[in-house]
Structures are given as structure tokens and as C-alpha cells.
Amino acid sequence: MHPNGNMIIRFRNIIITVIILGLFSCGKIRQIPPEPHIEFREFELFDTIEPQLGNPAKAGRVLFYFEDGDGDIGIRQPTGDENDTLNLFFDAYIKKDGVFVEPEPGDFVQSTAFRIPYLQRPGQNQIIQGTMEVILFYYFFNLDDTVKYEFYLKDRAGNVSNTEETCIIPFSLVGICN
């Protein structure tokens with residue numbers, strides 16, 4: 001037997017193991033469409049204090065999952081054109097006479113939009129995914145009020161995500177719905 005025979009056999013076993021593992025671990029990069037996709041997770045309504053005057057208020061925390069195949073979510077710098085600075089849109093609906101309708105001017109809840117900051121993933125795989133949290137404040141409301149939102153986002157290429165809907169939010173309750 002060769003004095004290094006055991007070493008050669010072990011070395012061959014290691015090479016064969018590395019090749020087999022390499023074949024199974026080399027997969028394609030996951031492909032998803034370049035249009036963003038969102039999924040509503042939960043809405044939490046909670047009591048808070050209005051920051052400017054210290055009055056009692058309510059706030060709502062919307063949590064949702066997002067993914068984008070080419071990773072172009074968010075805006076680097078505002079351009080001064082309001083349409084270019086907003087990319088997350090919430091359409092509000094208020095319950096009146098048992099039916100959800102768009103709010104009228106002066107209603108305590110209105111449709112709104114936000115700016116998602118610039119997001120970019122380094123490397124070859126540009127898929128970006130995660131969860132986002134948005135806080136909505138309510139200063140004037142009645143405990144009888146009930147709302148819901150439809151929301152969507154737009155990426156830098158102008159692709160619009162699917163539209164998701166929150167749960168129904170009665171202001172008489174505090175807690176989480178999903």
C-alpha cells in the first residue's frame with residue numbers, strides 16, 4: 001500500500017462530494033415578474049397622542065409584504081414634481097349607511113399617498129422583497145366610524161402592483177385585524 005494511500009482516497013471522496021454538492025446547489029436565480037407584487041398582512045388600530053397638540057388620537061399600522069423582480073422600488077431624490085415623489089397609494093373608503101364609499105371633502109379619513117425611499121439590492125440577483133409598515137393617523141373621528149383601504153405601489157419603471165385591500169377597521173375597537 002502506498003504510504004499516502006489513505007490520503008489519496010480521502011481526497012478523492014472530498015472531490016466527489018464537492019462536485020455532487022456543487023451540481024445540486026447551482027440553480028438558476030429565481031425569476032419573478034418586473035411588476036411589483038404586494039400582499040396585505042395586517043392592520044393594527046391603536047390609541048395614541050397627537051404629536052403637535054397632545055390631543056388623544058388613533059393611529060393605524062398597515063403591514064404588507066412586497067416583492068419586485070427587477071428591484072426598482074423607491075425614489076432616489078424628489079424631483080419637485082409631486083407625481084414623481086409618490087409611489088405608494090392608499091384609497092380610503094368610509095362606511096356610510098352600511099356601504100363603503102369614497103370619503104367626501106371634510107371626512108376624517110381621506111385617500112393619501114407616500115414616498116417609498118430608494119431601495120436597491122447589490123449583486124446579480126435584483127429581486128427585492130420584504131415587509132413595509134405604514135402608520136396612518138386619525139385626529140377627528142367617531143367611535144361609530146368604520147373604514148377600509150385599497151392600496152398599491154408603483155416602481156421606478158412605472159409598473160403598478162396589484163391592488164390589495166385592508167380588513168374592515170371599526171374605530172370602536174383597538175387591536176389587530178388581518
# chains A, B, ... in the order shown; residues from 1 in each chain; ligands from 1

$ residues_around --residues "Phe108 of chain A" --least-positions-apart "5" --cutoff "8 Å" --atoms "only C-alpha atoms" --output "list in words"
Tyr138, Tyr139, Phe140 and Phe141 of chain A

$ residues_around --residues "Asn162 of chain A" --least-positions-apart "4" --cutoff "9 Å" --atoms "only C-alpha atoms" --output "PyMOL selection string"
chain A and resi 35-39+151-153

$ write_last_selection --atoms "all heavy atoms" --output "PDB file, in the first residue's frame"
ATOM      1  N   GLU A  35     -43.004  43.602 -12.470  1.00  0.00           N
ATOM      2  CA  GLU A  35     -44.053  44.368 -11.811  1.00  0.00           C
ATOM      3  C   GLU A  35     -44.053  44.025 -10.325  1.00  0.00           C
ATOM      4  O   GLU A  35     -43.968  42.856  -9.957  1.00  0.00           O
ATOM      5  CB  GLU A  35     -45.436  44.052 -12.391  1.00  0.00           C
ATOM      6  CG  GLU A  35     -45.599  44.395 -13.852  1.00  0.00           C
ATOM      7  CD  GLU A  35     -45.047  43.323 -14.777  1.00  0.00           C
ATOM      8  OE1 GLU A  35     -44.846  42.173 -14.331  1.00  0.00           O
ATOM      9  OE2 GLU A  35     -44.797  43.643 -15.941  1.00  0.00           O
ATOM     10  N   PRO A  36     -44.191  45.028  -9.467  1.00  0.00           N
ATOM     11  CA  PRO A  36     -44.228  44.743  -8.036  1.00  0.00           C
ATOM     12  C   PRO A  36     -45.468  43.924  -7.678  1.00  0.00           C
ATOM     13  O   PRO A  36     -46.500  44.012  -8.350  1.00  0.00           O
ATOM     14  CB  PRO A  36     -44.287  46.121  -7.380  1.00  0.00           C
ATOM     15  CG  PRO A  36     -44.269  47.126  -8.457  1.00  0.00           C
ATOM     16  CD  PRO A  36     -44.301  46.448  -9.763  1.00  0.00           C
ATOM     17  N   HIS A  37     -45.339  43.158  -6.627  1.00  0.00           N
ATOM     18  CA  HIS A  37     -46.450  42.372  -6.094  1.00  0.00           C
ATOM     19  C   HIS A  37     -46.523  42.656  -4.602  1.00  0.00           C
ATOM     20  O   HIS A  37     -45.493  42.703  -3.925  1.00  0.00           O
ATOM     21  CB  HIS A  37     -46.220  40.874  -6.335  1.00  0.00           C
ATOM     22  CG  HIS A  37     -47.255  40.014  -5.700  1.00  0.00           C
ATOM     23  ND1 HIS A  37     -48.509  39.849  -6.233  1.00  0.00           N
ATOM     24  CD2 HIS A  37     -47.238  39.310  -4.543  1.00  0.00           C
ATOM     25  CE1 HIS A  37     -49.218  39.063  -5.448  1.00  0.00           C
ATOM     26  NE2 HIS A  37     -48.470  38.718  -4.409  1.00  0.00           N
ATOM     27  N   ILE A  38     -47.742  42.879  -4.089  1.00  0.00           N
ATOM     28  CA  ILE A  38     -47.925  43.149  -2.668  1.00  0.00           C
ATOM     29  C   ILE A  38     -48.978  42.209  -2.088  1.00  0.00           C
ATOM     30  O   ILE A  38     -49.835  41.706  -2.818  1.00  0.00           O
ATOM     31  CB  ILE A  38     -48.310  44.621  -2.393  1.00  0.00           C
ATOM     32  CG1 ILE A  38     -49.623  44.994  -3.098  1.00  0.00           C
ATOM     33  CG2 ILE A  38     -47.192  45.562  -2.797  1.00  0.00           C
ATOM     34  CD1 ILE A  38     -50.140  46.371  -2.750  1.00  0.00           C
ATOM     35  N   GLU A  39     -48.875  41.967  -0.770  1.00  0.00           N
ATOM     36  CA  GLU A  39     -49.850  41.149  -0.050  1.00  0.00           C
ATOM     37  C   GLU A  39     -50.104  41.786   1.308  1.00  0.00           C
ATOM     38  O   GLU A  39     -49.173  41.973   2.090  1.00  0.00           O
ATOM     39  CB  GLU A  39     -49.325  39.728   0.157  1.00  0.00           C
ATOM     40  CG  GLU A  39     -49.124  38.947  -1.113  1.00  0.00           C
ATOM     41  CD  GLU A  39     -48.442  37.608  -0.887  1.00  0.00           C
ATOM     42  OE1 GLU A  39     -48.296  37.174   0.285  1.00  0.00           O
ATOM     43  OE2 GLU A  39     -48.036  36.996  -1.886  1.00  0.00           O
ATOM     44  N   PHE A 151     -54.876  49.596  -1.548  1.00  0.00           N
ATOM     45  CA  PHE A 151     -53.571  50.212  -1.742  1.00  0.00           C
ATOM     46  C   PHE A 151     -52.756  49.469  -2.792  1.00  0.00           C
ATOM     47  O   PHE A 151     -52.997  48.294  -3.070  1.00  0.00           O
ATOM     48  CB  PHE A 151     -52.807  50.330  -0.415  1.00  0.00           C
ATOM     49  CG  PHE A 151     -52.479  49.023   0.248  1.00  0.00           C
ATOM     50  CD1 PHE A 151     -51.219  48.461   0.110  1.00  0.00           C
ATOM     51  CD2 PHE A 151     -53.410  48.346   1.016  1.00  0.00           C
ATOM     52  CE1 PHE A 151     -50.902  47.268   0.726  1.00  0.00           C
ATOM     53  CE2 PHE A 151     -53.109  47.154   1.639  1.00  0.00           C
ATOM     54  CZ  PHE A 151     -51.855  46.609   1.492  1.00  0.00           C
ATOM     55  N   TYR A 152     -51.814  50.198  -3.376  1.00  0.00           N
ATOM     56  CA  TYR A 152     -50.924  49.642  -4.399  1.00  0.00           C
ATOM     57  C   TYR A 152     -49.659  50.478  -4.436  1.00  0.00           C
ATOM     58  O   TYR A 152     -49.604  51.575  -3.872  1.00  0.00           O
ATOM     59  CB  TYR A 152     -51.611  49.621  -5.779  1.00  0.00           C
ATOM     60  CG  TYR A 152     -51.989  50.992  -6.303  1.00  0.00           C
ATOM     61  CD1 TYR A 152     -51.146  51.686  -7.166  1.00  0.00           C
ATOM     62  CD2 TYR A 152     -53.184  51.602  -5.915  1.00  0.00           C
ATOM     63  CE1 TYR A 152     -51.490  52.945  -7.635  1.00  0.00           C
ATOM     64  CE2 TYR A 152     -53.534  52.847  -6.379  1.00  0.00           C
ATOM     65  CZ  TYR A 152     -52.685  53.514  -7.247  1.00  0.00           C
ATOM     66  OH  TYR A 152     -53.020  54.765  -7.703  1.00  0.00           O
ATOM     67  N   LEU A 153     -48.620  49.956  -5.080  1.00  0.00           N
ATOM     68  CA  LEU A 153     -47.396  50.740  -5.234  1.00  0.00           C
ATOM     69  C   LEU A 153     -46.960  50.749  -6.682  1.00  0.00           C
ATOM     70  O   LEU A 153     -47.403  49.935  -7.491  1.00  0.00           O
ATOM     71  CB  LEU A 153     -46.289  50.263  -4.297  1.00  0.00           C
ATOM     72  CG  LEU A 153     -45.691  48.873  -4.444  1.00  0.00           C
ATOM     73  CD1 LEU A 153     -44.583  48.865  -5.483  1.00  0.00           C
ATOM     74  CD2 LEU A 153     -45.109  48.440  -3.114  1.00  0.00           C
TER      75      LEU A 153
END

$ select_by_dssp --residues "segment 82-178 of chain A" --states "alpha helix (DSSP H)" --output "number ranges by chain"
A: 82-85

$ write_last_selection --atoms "C-alpha atoms" --output "PDB file, in the first residue's frame"
ATOM      1  CA  GLU A  82     -45.438  65.700  -6.904  1.00  0.00           C
ATOM      2  CA  ASN A  83     -46.284  62.786  -9.228  1.00  0.00           C
ATOM      3  CA  ASP A  84     -42.632  61.764  -9.241  1.00  0.00           C
ATOM      4  CA  THR A  85     -42.327  61.704  -5.453  1.00  0.00           C
TER       5      THR A  85
END

$ residues_around --residues "segment 111-116 of chain A" --least-positions-apart "6" --cutoff "8 Å" --atoms "only C-alpha atoms" --output "list in words"
Ile73, Gly74, Ile75, Thr85, Leu86, Asn87, Leu88, Phe89, Phe90, Asp91, Ala92 and Pro103 of chain A
